[in-house]
$ cat run_29.cif   # mmCIF, C-alpha atoms and all ligand atoms; chains and numbers go by the auth columns
data_my_file
#
loop_
_atom_site.group_PDB
_atom_site.id
_atom_site.type_symbol
_atom_site.label_atom_id
_atom_site.label_comp_id
_atom_site.label_asym_id
_atom_site.label_seq_id
_atom_site.Cartn_x
_atom_site.Cartn_y
_atom_site.Cartn_z
_atom_site.B_iso_or_equiv
_atom_site.auth_seq_id
_atom_site.auth_asym_id
ATOM 1 C CA MET A 1 53.573 89.742 111.250 0.00 1 H
ATOM 2 C CA ALA A 2 51.919 93.129 111.077 0.00 2 H
ATOM 3 C CA ASN A 3 54.822 95.072 112.478 0.00 3 H
ATOM 4 C CA SER A 4 58.424 94.034 111.957 0.00 4 H
ATOM 5 C CA ARG A 5 59.842 96.659 114.288 0.00 5 H
ATOM 6 C CA GLY A 6 60.532 96.068 117.930 0.00 6 H
ATOM 7 C CA ASN A 7 63.683 94.007 117.665 0.00 7 H
ATOM 8 C CA ASP A 8 66.342 95.948 119.541 0.00 8 H
ATOM 9 C CA MET A 9 69.214 93.731 118.512 0.00 9 H
ATOM 10 C CA SER A 10 69.122 94.163 114.790 0.00 10 H
ATOM 11 C CA ASN A 11 67.153 95.315 111.800 0.00 11 H
ATOM 12 C CA GLU A 12 68.494 92.561 109.623 0.00 12 H
ATOM 13 C CA GLN A 13 66.266 90.984 107.057 0.00 13 H
ATOM 14 C CA ASP A 14 66.520 88.987 103.851 0.00 14 H
ATOM 15 C CA THR A 15 65.482 90.749 100.673 0.00 15 H
ATOM 16 C CA ILE A 16 65.070 89.039 97.324 0.00 16 H
ATOM 17 C CA LEU A 17 65.992 91.177 94.336 0.00 17 H
ATOM 18 C CA GLU A 18 65.209 90.346 90.725 0.00 18 H
ATOM 19 C CA VAL A 19 68.300 91.306 88.767 0.00 19 H
ATOM 20 C CA GLN A 20 68.496 91.479 84.992 0.00 20 H
ATOM 21 C CA GLY A 21 71.577 90.922 82.897 0.00 21 H
ATOM 22 C CA MET A 22 73.481 88.455 85.051 0.00 22 H
ATOM 23 C CA THR A 23 74.854 85.914 82.612 0.00 23 H
ATOM 24 C CA CYS A 24 78.193 84.582 83.770 0.00 24 H
ATOM 25 C CA PRO A 25 80.415 84.009 86.792 0.00 25 H
ATOM 26 C CA SER A 26 81.986 87.432 86.479 0.00 26 H
ATOM 27 C CA CYS A 27 78.527 88.954 86.798 0.00 27 H
ATOM 28 C CA ILE A 28 78.130 87.055 90.056 0.00 28 H
ATOM 29 C CA ARG A 29 81.419 88.475 91.293 0.00 29 H
ATOM 30 C CA HIS A 30 80.517 91.959 90.132 0.00 30 H
ATOM 31 C CA VAL A 31 77.073 91.936 91.746 0.00 31 H
ATOM 32 C CA SER A 32 78.337 90.325 94.946 0.00 32 H
ATOM 33 C CA SER A 33 81.174 92.736 95.480 0.00 33 H
ATOM 34 C CA ALA A 34 79.059 95.810 94.688 0.00 34 H
ATOM 35 C CA LEU A 35 76.564 94.790 97.373 0.00 35 H
ATOM 36 C CA THR A 36 79.066 93.445 99.882 0.00 36 H
ATOM 37 C CA ASP A 37 80.921 96.767 99.782 0.00 37 H
ATOM 38 C CA LEU A 38 77.870 98.503 101.230 0.00 38 H
ATOM 39 C CA ASP A 39 77.915 99.151 104.938 0.00 39 H
ATOM 40 C CA GLY A 40 75.104 97.117 106.429 0.00 40 H
ATOM 41 C CA VAL A 41 75.095 94.244 103.962 0.00 41 H
ATOM 42 C CA VAL A 42 75.743 91.007 105.825 0.00 42 H
ATOM 43 C CA LYS A 43 75.464 88.347 103.161 0.00 43 H
ATOM 44 C CA VAL A 44 74.860 88.141 99.421 0.00 44 H
ATOM 45 C CA ASP A 45 73.676 85.016 97.651 0.00 45 H
ATOM 46 C CA VAL A 46 73.449 85.220 93.859 0.00 46 H
ATOM 47 C CA LYS A 47 71.175 82.718 92.127 0.00 47 H
ATOM 48 C CA LEU A 48 72.328 83.157 88.564 0.00 48 H
ATOM 49 C CA ARG A 49 69.914 80.670 87.028 0.00 49 H
ATOM 50 C CA ASP A 50 66.895 82.248 88.718 0.00 50 H
ATOM 51 C CA GLY A 51 68.059 85.801 88.084 0.00 51 H
ATOM 52 C CA ILE A 52 67.727 86.701 91.715 0.00 52 H
ATOM 53 C CA VAL A 53 69.969 87.877 94.500 0.00 53 H
ATOM 54 C CA ILE A 54 69.185 87.185 98.130 0.00 54 H
ATOM 55 C CA VAL A 55 70.644 89.859 100.378 0.00 55 H
ATOM 56 C CA LYS A 56 70.827 89.748 104.148 0.00 56 H
ATOM 57 C CA HIS A 57 71.130 93.355 105.229 0.00 57 H
ATOM 58 C CA ASP A 58 70.503 95.840 107.965 0.00 58 H
ATOM 59 C CA THR A 59 67.548 97.861 106.731 0.00 59 H
ATOM 60 C CA THR A 60 68.640 100.915 108.703 0.00 60 H
ATOM 61 C CA ARG A 61 72.140 101.151 107.280 0.00 61 H
ATOM 62 C CA ALA A 62 71.447 99.604 103.890 0.00 62 H
ATOM 63 C CA PRO A 63 67.799 100.039 102.897 0.00 63 H
ATOM 64 C CA VAL A 64 66.350 98.136 99.955 0.00 64 H
ATOM 65 C CA THR A 65 66.324 101.279 97.823 0.00 65 H
ATOM 66 C CA GLN A 66 70.082 101.569 98.277 0.00 66 H
ATOM 67 C CA LEU A 67 70.640 97.959 97.230 0.00 67 H
ATOM 68 C CA ILE A 68 68.648 98.529 94.056 0.00 68 H
ATOM 69 C CA GLU A 69 70.402 101.801 93.322 0.00 69 H
ATOM 70 C CA THR A 70 73.790 100.164 93.762 0.00 70 H
ATOM 71 C CA LEU A 71 72.911 97.382 91.325 0.00 71 H
ATOM 72 C CA ASN A 72 71.540 99.864 88.822 0.00 72 H
ATOM 73 C CA GLU A 73 74.783 101.844 89.025 0.00 73 H
ATOM 74 C CA ALA A 74 76.730 98.624 88.498 0.00 74 H
ATOM 75 C CA GLY A 75 74.762 98.087 85.286 0.00 75 H
ATOM 76 C CA TYR A 76 72.151 95.588 86.415 0.00 76 H
ATOM 77 C CA ALA A 77 68.526 96.660 86.334 0.00 77 H
ATOM 78 C CA SER A 78 66.886 95.325 89.453 0.00 78 H
ATOM 79 C CA LYS A 79 63.801 95.484 91.589 0.00 79 H
ATOM 80 C CA GLN A 80 62.518 93.915 94.746 0.00 80 H
ATOM 81 C CA GLN A 81 60.725 90.648 94.142 0.00 81 H
ATOM 82 C CA SER A 82 57.073 90.944 95.048 0.00 82 H
ATOM 83 C CA LEU A 83 56.069 88.348 97.582 0.00 83 H
HETATM 84 CU CU CU B . 78.866 88.369 83.141 0.00 101 Q
#

$ encode --input "run_29.cif" --output "structure tokens"
Amino acid sequence: MANSRGNDMSNEQDTILEVQGMTCPSCIRHVSSALTDLDGVVKVDVKLRDGIVIVKHDTTRAPVTQLIETLNEAGYASKQQSL
């Protein structure tokens, strides 16, 4: 798809973030709640073993840069997974 705009209903998309430093269940809780607290984040799925977090979010209200910034502030270095 060359252009993802044009959907009037929603700007939701899934973004995969590579997150460093997640080692235990409390990390999962920490990461999940930090992201879920953001306005525009719909769903957070932490894959501890893979070191990734799959976030369903509204890109208008919660852009990818904000997700990454939030994780960095929570103490987890992260970046968007290149496809
Ligand atoms: Cu931990």

$ residues_near_ligand --input "run_29.cif" --ligand "ligand CU 101 (chain Q)" --cutoff "7 Å" --atoms "only C-alpha atoms and all ligand atoms" --output "number ranges by chain"
H: 22-27

$ resolve_selection --input "run_29.cif" --expression "the PyMOL selection byres (((chain H and resi 35-52) around 8) and not hetatm)" --output "list of chain:residue names"
H:Ile16, H:Leu17, H:Glu18, H:Val19, H:Gln20, H:Met22, H:Thr23, H:Cys24, H:Ile28, H:Val31, H:Ser32, H:Ser33, H:Ala34, H:Val53, H:Ile54, H:Val55, H:Lys56, H:His57, H:Asp58, H:Thr59, H:Thr60, H:Arg61, H:Ala62, H:Leu67, H:Thr70, H:Leu71

$ atom_distance --input "run_29.cif" --atom1 "atom CA of H:His30" --atom2 "atom CA of H:Ala77"
13.4 Å

$ atom_distance --input "run_29.cif" --atom1 "atom CA of H:Gly21" --atom2 "atom CA of H:Gln81"
15.6 Å

$ atom_distance --input "run_29.cif" --atom1 "atom CA of H:Asn72" --atom2 "atom CA of H:Thr15"
16.1 Å

$ build_atoms --input "run_29.cif" --residues "stretch 54-76 of chain H" --atoms "N, CA and C atoms" --output "short mmCIF file (atom, residue, chain, number, x, y, z; two decimals), in the coordinates of the input"
data_model
loop_
_atom_site.label_atom_id
_atom_site.label_comp_id
_atom_site.auth_asym_id
_atom_site.auth_seq_id
_atom_site.Cartn_x
_atom_site.Cartn_y
_atom_site.Cartn_z
N ILE H 54 69.72 87.14 96.78
CA ILE H 54 69.18 87.18 98.13
C ILE H 54 70.19 87.93 99.01
N VAL H 55 69.75 89.01 99.60
CA VAL H 55 70.64 89.86 100.38
C VAL H 55 70.19 89.89 101.83
N LYS H 56 71.09 89.53 102.73
CA LYS H 56 70.83 89.75 104.15
C LYS H 56 71.45 91.08 104.51
N HIS H 57 70.62 92.00 105.00
CA HIS H 57 71.13 93.36 105.23
C HIS H 57 70.42 94.01 106.39
N ASP H 58 71.08 95.01 106.92
CA ASP H 58 70.50 95.84 107.96
C ASP H 58 69.70 96.95 107.28
N THR H 59 68.40 96.94 107.48
CA THR H 59 67.55 97.86 106.73
C THR H 59 67.74 99.31 107.14
N THR H 60 68.37 99.54 108.29
CA THR H 60 68.64 100.92 108.70
C THR H 60 69.85 101.47 107.96
N ARG H 61 70.91 100.67 107.91
CA ARG H 61 72.14 101.15 107.28
C ARG H 61 72.14 100.94 105.77
N ALA H 62 71.49 99.90 105.32
CA ALA H 62 71.45 99.60 103.89
C ALA H 62 70.02 99.26 103.49
N PRO H 63 69.19 100.29 103.28
CA PRO H 63 67.80 100.04 102.90
C PRO H 63 67.70 99.42 101.50
N VAL H 64 66.56 98.82 101.24
CA VAL H 64 66.35 98.14 99.96
C VAL H 64 66.59 99.08 98.78
N THR H 65 66.15 100.33 98.92
CA THR H 65 66.32 101.28 97.82
C THR H 65 67.81 101.47 97.49
N GLN H 66 68.64 101.40 98.53
CA GLN H 66 70.08 101.57 98.28
C GLN H 66 70.67 100.35 97.57
N LEU H 67 70.18 99.17 97.91
CA LEU H 67 70.64 97.96 97.23
C LEU H 67 70.33 98.04 95.74
N ILE H 68 69.09 98.45 95.45
CA ILE H 68 68.65 98.53 94.06
C ILE H 68 69.45 99.58 93.29
N GLU H 69 69.65 100.72 93.94
CA GLU H 69 70.40 101.80 93.32
C GLU H 69 71.83 101.35 93.01
N THR H 70 72.42 100.64 93.95
CA THR H 70 73.79 100.16 93.76
C THR H 70 73.88 99.21 92.58
N LEU H 71 72.91 98.32 92.45
CA LEU H 71 72.91 97.38 91.32
C LEU H 71 72.68 98.12 90.01
N ASN H 72 71.78 99.09 90.03
CA ASN H 72 71.54 99.86 88.82
C ASN H 72 72.81 100.57 88.38
N GLU H 73 73.54 101.14 89.35
CA GLU H 73 74.78 101.84 89.02
C GLU H 73 75.83 100.87 88.50
N ALA H 74 75.77 99.63 88.96
CA ALA H 74 76.73 98.62 88.50
C ALA H 74 76.33 98.07 87.12
N GLY H 75 75.16 98.49 86.63
CA GLY H 75 74.76 98.09 85.29
C GLY H 75 73.73 96.98 85.23
N TYR H 76 73.14 96.66 86.37
CA TYR H 76 72.15 95.59 86.42
C TYR H 76 70.81 96.14 86.89
#
